[in-house]
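Undergrad: As input, take target_34.txt (compact mmCIF, C-alpha atoms):
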# COMPACT_ATOMS: atom_id res chain seq x y z
CA MET A 1475 -46.01 -49.24 -16.50
CA SER A 1476 -44.76 -48.06 -13.08
CA ASN A 1477 -41.54 -48.78 -11.21
CA ASN A 1478 -40.85 -48.80 -7.46
CA TYR A 1479 -39.83 -45.14 -7.54
CA GLY A 1480 -43.17 -43.93 -8.90
CA ASP A 1481 -42.11 -43.25 -12.49
CA VAL A 1482 -44.83 -44.17 -15.01
CA THR A 1483 -43.60 -45.14 -18.47
CA ILE A 1484 -46.03 -44.88 -21.37
CA ILE A 1485 -45.40 -47.48 -24.10
CA ASP A 1486 -46.80 -47.48 -27.63
CA TYR A 1487 -49.63 -50.06 -27.65
CA ASN A 1488 -48.68 -51.26 -31.16
CA ASP A 1489 -44.93 -51.34 -30.53
CA TRP A 1490 -43.87 -52.24 -27.00
CA THR A 1491 -40.27 -51.32 -27.74
CA LYS A 1492 -41.27 -47.68 -28.30
CA ARG A 1493 -41.38 -45.42 -25.24
CA ILE A 1494 -43.65 -42.41 -25.62
CA THR A 1495 -42.82 -40.64 -22.35
CA THR A 1496 -42.12 -41.12 -18.65
CA LEU A 1497 -44.20 -39.37 -15.98
CA GLU A 1498 -42.06 -38.58 -12.96
CA LYS A 1499 -44.37 -36.67 -10.58
CA PRO A 1500 -45.44 -39.60 -8.33
CA ARG A 1501 -43.02 -40.22 -5.47
CA GLU A 1502 -43.92 -43.89 -4.84
CA TRP A 1503 -45.11 -46.80 -6.95
CA CYS A 1504 -48.47 -46.47 -8.66
CA GLU A 1505 -51.05 -49.21 -8.25
CA ALA A 1506 -53.99 -47.65 -10.13
CA LEU A 1507 -53.86 -46.15 -13.62
CA SER A 1508 -56.86 -45.43 -15.83
CA TYR A 1509 -57.48 -43.58 -19.11
CA SER A 1510 -60.68 -41.56 -19.43
CA PRO A 1511 -63.23 -42.94 -21.94
CA ASP A 1512 -62.55 -40.05 -24.34
CA GLN A 1513 -58.77 -40.73 -24.09
CA GLN A 1514 -58.17 -37.11 -23.08
CA TYR A 1515 -56.87 -37.86 -19.58
CA LEU A 1516 -54.78 -40.39 -17.69
CA ALA A 1517 -55.42 -40.75 -13.95
CA VAL A 1518 -52.58 -42.16 -11.84
CA GLY A 1519 -53.10 -43.25 -8.23
CA SER A 1520 -49.90 -43.53 -6.22
CA HIS A 1521 -48.75 -45.03 -2.94
CA ASP A 1522 -47.60 -41.54 -2.00
CA ASP A 1523 -51.33 -40.96 -1.15
CA SER A 1524 -51.77 -38.65 -4.16
CA LEU A 1525 -53.70 -38.67 -7.41
CA TYR A 1526 -52.17 -37.27 -10.60
CA ILE A 1527 -54.30 -36.45 -13.63
CA TYR A 1528 -52.55 -35.86 -16.93
CA LYS A 1529 -54.01 -34.13 -19.97
CA ILE A 1530 -53.21 -35.74 -23.32
CA THR A 1531 -52.86 -33.40 -26.29
CA ASP A 1532 -51.54 -34.65 -29.63
CA GLY A 1533 -49.82 -37.52 -27.85
CA GLU A 1534 -48.15 -35.24 -25.29
CA TYR A 1535 -48.80 -35.73 -21.57
CA SER A 1536 -48.97 -32.69 -19.27
CA LEU A 1537 -49.97 -32.56 -15.61
CA HIS A 1538 -53.53 -31.24 -15.42
CA TRP A 1539 -54.11 -31.62 -11.68
CA ALA A 1540 -52.30 -33.12 -8.70
CA VAL A 1541 -54.62 -34.11 -5.83
CA THR A 1542 -52.44 -34.06 -2.73
CA PHE A 1543 -53.14 -33.98 1.02
CA VAL A 1544 -56.67 -35.33 0.47
CA HIS A 1545 -56.23 -39.09 0.69
CA SER A 1546 -54.59 -40.47 3.82
CA SER A 1547 -53.39 -43.70 2.24
CA ALA A 1548 -52.37 -45.34 -1.04
CA ILE A 1549 -54.88 -45.19 -3.90
CA LEU A 1550 -56.01 -48.65 -4.98
CA GLY A 1551 -58.77 -48.15 -7.56
CA LEU A 1552 -60.01 -45.55 -10.05
CA ASP A 1553 -63.23 -45.27 -12.07
CA TRP A 1554 -64.14 -42.67 -14.69
CA SER A 1555 -67.65 -41.53 -15.49
CA ARG A 1556 -68.76 -42.29 -19.04
CA ASP A 1557 -68.60 -38.61 -20.00
CA SER A 1558 -64.97 -38.38 -18.74
CA ARG A 1559 -65.86 -35.58 -16.32
CA TYR A 1560 -65.91 -37.34 -12.95
CA LEU A 1561 -63.46 -39.65 -11.25
CA ARG A 1562 -63.86 -41.74 -8.11
CA ALA A 1563 -60.94 -43.09 -6.13
CA VAL A 1564 -60.71 -45.71 -3.37
CA ASP A 1565 -57.73 -45.77 -1.03
CA GLN A 1566 -56.18 -48.16 1.46
CA ALA A 1567 -57.85 -46.37 4.37
CA TYR A 1568 -61.28 -47.32 2.92
CA ALA A 1569 -62.10 -43.80 1.77
CA LYS A 1570 -64.07 -43.38 -1.47
CA LEU A 1571 -63.70 -39.85 -2.82
CA PHE A 1572 -65.09 -38.13 -5.90
CA TYR A 1573 -63.59 -35.49 -8.20
CA ASP A 1574 -64.72 -33.20 -11.00
CA VAL A 1575 -61.74 -33.39 -13.34
CA THR A 1576 -62.86 -30.61 -15.70
CA GLU A 1577 -63.20 -28.17 -12.78
CA SER A 1578 -60.21 -29.59 -10.87
CA GLN A 1579 -62.11 -29.86 -7.61
CA GLN A 1580 -63.29 -32.49 -5.18
CA VAL A 1581 -67.01 -33.27 -5.20
CA MET A 1582 -67.71 -33.30 -1.47
CA GLU A 1583 -71.29 -34.56 -1.90
CA GLY A 1584 -70.30 -37.28 -4.39
CA MET A 1585 -71.47 -40.13 -2.16
CA SER A 1586 -75.03 -38.86 -2.56
CA THR A 1587 -75.03 -37.16 -5.99
CA LEU A 1588 -72.87 -39.52 -8.08
CA THR A 1589 -74.45 -42.82 -7.06
CA ASP A 1590 -75.98 -43.91 -10.38
CA THR A 1591 -74.03 -47.03 -11.34
CA ALA A 1592 -74.92 -46.52 -15.01
CA MET A 1593 -72.89 -43.30 -15.17
CA TRP A 1594 -69.58 -45.07 -14.48
CA GLN A 1595 -67.48 -46.54 -17.26
CA SER A 1596 -65.95 -49.19 -14.99
CA VAL A 1597 -66.41 -50.79 -11.58
CA THR A 1598 -63.06 -51.27 -9.85
CA SER A 1599 -64.08 -49.69 -6.56
CA LYS A 1600 -64.36 -52.36 -3.87
CA LEU A 1601 -66.51 -50.04 -1.75
CA GLY A 1602 -70.16 -49.48 -2.61
CA TRP A 1603 -73.65 -50.90 -2.29
CA ASP A 1604 -73.26 -52.79 -5.58
CA VAL A 1605 -70.27 -54.84 -4.33
CA ASN A 1606 -70.99 -55.09 -0.59
CA GLY A 1607 -71.69 -58.79 -0.94
CA VAL A 1608 -68.20 -59.73 -2.12
CA TYR A 1609 -66.95 -59.70 1.47
CA PRO A 1610 -67.32 -63.05 3.25
CA GLN A 1611 -68.94 -62.90 6.66
CA GLY A 1612 -66.43 -61.66 9.21
CA ALA A 1613 -64.01 -60.38 6.57
CA ASP A 1614 -62.63 -56.86 6.45
CA GLY A 1615 -61.43 -54.70 3.57
CA THR A 1616 -58.01 -56.34 3.42
CA ASP A 1617 -59.46 -59.72 2.45
CA VAL A 1618 -60.67 -58.39 -0.92
CA ASN A 1619 -57.93 -56.94 -3.10
CA GLY A 1620 -59.76 -55.84 -6.21
CA VAL A 1621 -63.02 -56.07 -8.14
CA ASP A 1622 -63.94 -55.61 -11.79
CA ALA A 1623 -67.36 -55.75 -13.47
CA THR A 1624 -68.05 -56.75 -17.06
CA ALA A 1625 -69.00 -54.04 -19.53
CA ASP A 1626 -72.62 -55.21 -19.62
CA ARG A 1627 -72.76 -55.20 -15.79
CA THR A 1628 -73.79 -58.84 -15.47
CA LEU A 1629 -70.76 -60.27 -13.66
CA VAL A 1630 -68.11 -59.04 -11.24
CA ALA A 1631 -64.76 -60.72 -10.60
CA VAL A 1632 -63.01 -60.52 -7.24
CA GLY A 1633 -59.39 -61.25 -6.32
CA ASP A 1634 -58.91 -62.19 -2.67
CA ASP A 1635 -56.25 -63.12 -0.11
CA ARG A 1636 -57.04 -66.84 -0.29
CA GLY A 1637 -55.58 -67.30 -3.76
CA SER A 1638 -59.00 -67.41 -5.36
CA VAL A 1639 -60.83 -65.54 -8.07
CA CYS A 1640 -64.56 -65.37 -7.33
CA VAL A 1641 -67.15 -64.51 -9.97
CA TYR A 1642 -70.51 -63.14 -8.83
CA ARG A 1643 -73.61 -61.93 -10.59
CA TYR A 1644 -73.65 -58.12 -10.52
CA PRO A 1645 -74.72 -56.33 -8.39
CA VAL A 1646 -73.65 -58.19 -5.24
CA VAL A 1647 -75.63 -56.56 -2.46
CA ARG A 1648 -75.54 -59.36 0.13
CA ASN A 1649 -72.84 -61.81 1.21
CA SER A 1650 -75.33 -64.64 0.76
CA HIS A 1651 -74.79 -64.50 -3.03
CA ALA A 1652 -73.21 -67.58 -4.55
CA CYS A 1653 -69.92 -67.26 -6.37
CA ALA A 1654 -68.11 -69.38 -8.95
CA ARG A 1655 -64.68 -69.88 -7.42
CA LEU A 1656 -61.65 -70.24 -9.71
CA SER A 1657 -58.52 -71.79 -8.19
CA GLY A 1658 -55.06 -71.72 -9.70
CA HIS A 1659 -52.95 -69.20 -7.82
CA SER A 1660 -50.82 -70.27 -4.87
CA GLU A 1661 -50.93 -66.87 -3.17
CA HIS A 1662 -53.16 -63.81 -2.88
CA VAL A 1663 -54.67 -62.34 -6.05
CA PRO A 1664 -54.18 -58.56 -6.24
CA ARG A 1665 -56.15 -58.08 -9.46
CA ALA A 1666 -58.68 -59.79 -11.70
CA LYS A 1667 -59.73 -57.98 -14.89
CA TRP A 1668 -62.18 -58.79 -17.65
CA TYR A 1669 -61.01 -58.61 -21.25
CA GLU A 1670 -63.75 -58.20 -23.84
CA GLY A 1671 -62.48 -57.80 -27.38
CA ASP A 1672 -64.21 -57.50 -30.73
CA SER A 1673 -65.24 -61.17 -30.76
CA GLN A 1674 -68.00 -62.80 -28.74
CA ALA A 1675 -65.42 -64.37 -26.41
CA ARG A 1676 -64.99 -62.93 -22.94
CA TYR A 1677 -61.86 -63.65 -20.92
CA LEU A 1678 -60.86 -63.08 -17.33
CA ILE A 1679 -57.21 -62.36 -16.54
CA SER A 1680 -55.95 -62.66 -12.96
CA ALA A 1681 -52.59 -61.59 -11.52
CA GLY A 1682 -51.07 -63.51 -8.65
CA GLY A 1683 -49.03 -61.95 -5.88
CA TYR A 1684 -46.02 -63.90 -4.68
CA ASP A 1685 -46.50 -66.58 -7.32
CA ARG A 1686 -45.93 -63.87 -10.00
CA THR A 1687 -48.33 -65.60 -12.34
CA TYR A 1688 -50.93 -64.38 -14.80
CA ILE A 1689 -53.81 -66.75 -15.58
CA GLN A 1690 -56.19 -66.31 -18.50
CA TRP A 1691 -59.59 -67.86 -17.86
CA LYS A 1692 -61.91 -68.71 -20.74
CA GLU A 1693 -65.54 -69.88 -20.51
CA VAL A 1694 -65.82 -68.61 -16.95
CA PRO A 1695 -68.63 -70.44 -15.11
CA ILE A 1696 -71.71 -68.35 -14.34
CA PRO A 1697 -72.75 -68.42 -10.67
CA GLU A 1698 -76.30 -69.41 -9.82
Turn the structure described in the file into structure tokens.

TA:
Amino acid sequence: MSNNYGDVTIIDYNDWTKRITTLEKPREWCEALSYSPDQQYLAVGSHDDSLYIYKITDGEYSLHWAVTFVHSSAILGLDWSRDSRYLRAVDQAYAKLFYDVTESQQVMEGMSTLTDTAMWQSVTSKLGWDVNGVYPQGADGTDVNGVDATADRTLVAVGDDRGSVCVYRYPVVRNSHACARLSGHSEHVPRAKWYEGDSQARYLISAGGYDRTYIQWKEVPIPE
């Protein structure tokens, strides 16, 4: 949980009244936060154009690496590799950069060496060949606010500036792909995230902008 000053408060998942710690390094609010698959790291992307990676040891959070003066704009999305070694970050200036967290260094050739979609634990990057088709013809990067693919990589949900949540079959390589459009928000949709629990049910949760509304979608229609 982040406030407008950049502080990130970690709350106990089983008891939301219990604060574990507050991370105070970011200087502006943080839009992207993601735990590594092995739960050893927390990556925090801030609107101060920096990326902060915290190491978690016995429940204690310590700053492992601060990536500063690399991104030129706010960080909007973060994806970990399945082995928790690599991290990719997308910013507001449409840069997609890659990092080796264990070595604390940027992977300059990441666009060519870390392209296997199967190696990534999540798909929240709105830049890439696998999501190129989510942009309507004539649209730019600001029209699409966020993407998220299902764990089995069959569907991808997209929140846009028209108040819609669009569901596509993954990957979406051309803008001719059909989408199942879900309407319910009155304003732009900054985020749409899949929730897949222990049961067979799969839900989609979308967050509205100015309408300040969360919608939980069940039995999401499958696009043709």

Undergrad: I'd like the interatomic distance between atom CA of His1545 of chain A and atom CA of Lys1570 of chain A, to a tenth of an Å.

TA: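 Computed distance, atom CA of His1545 of chain A to atom CA of Lys1570 of chain A, equals 9.2 Å.
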
Undergrad: What is the distance, in Å and to one decimal place, between atom CA of Lys1600 of chain A and atom CA of Asp1565 of chain A?

TA: 9.8 Å

Undergrad: Take the point (-57.1, -62.0, -16.4) as written in the file and pick out every residue within 7 Å of it, counting all atoms listed in the file; give the list as a ChimeraX atom specification.

TA: /A:1666-1668,1677-1681,1688-1691

Undergrad: Point out the residue among A:Thr1624, A:Asp1481, A:Thr1598, A:Val1694 with the least atom-to-atom distance to Cys1640 of chain A, counting only C-alpha atoms.

TA: A:Val1694

Undergrad: To one decimal in Å, tell me the separation between atom CA of Ser1586 of chain A and atom CA of His1538 of chain A.

TA: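 Interatomic distance, atom CA of Ser1586 of chain A to atom CA of His1538 of chain A: 26.2 Å.
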
Undergrad: Between A:Ile1549, A:Val1641, A:Val1575, A:Cys1653, which one has atoms that come closest to Gln1514 of chain A, using only C-alpha atoms?

TA: A:Val1575
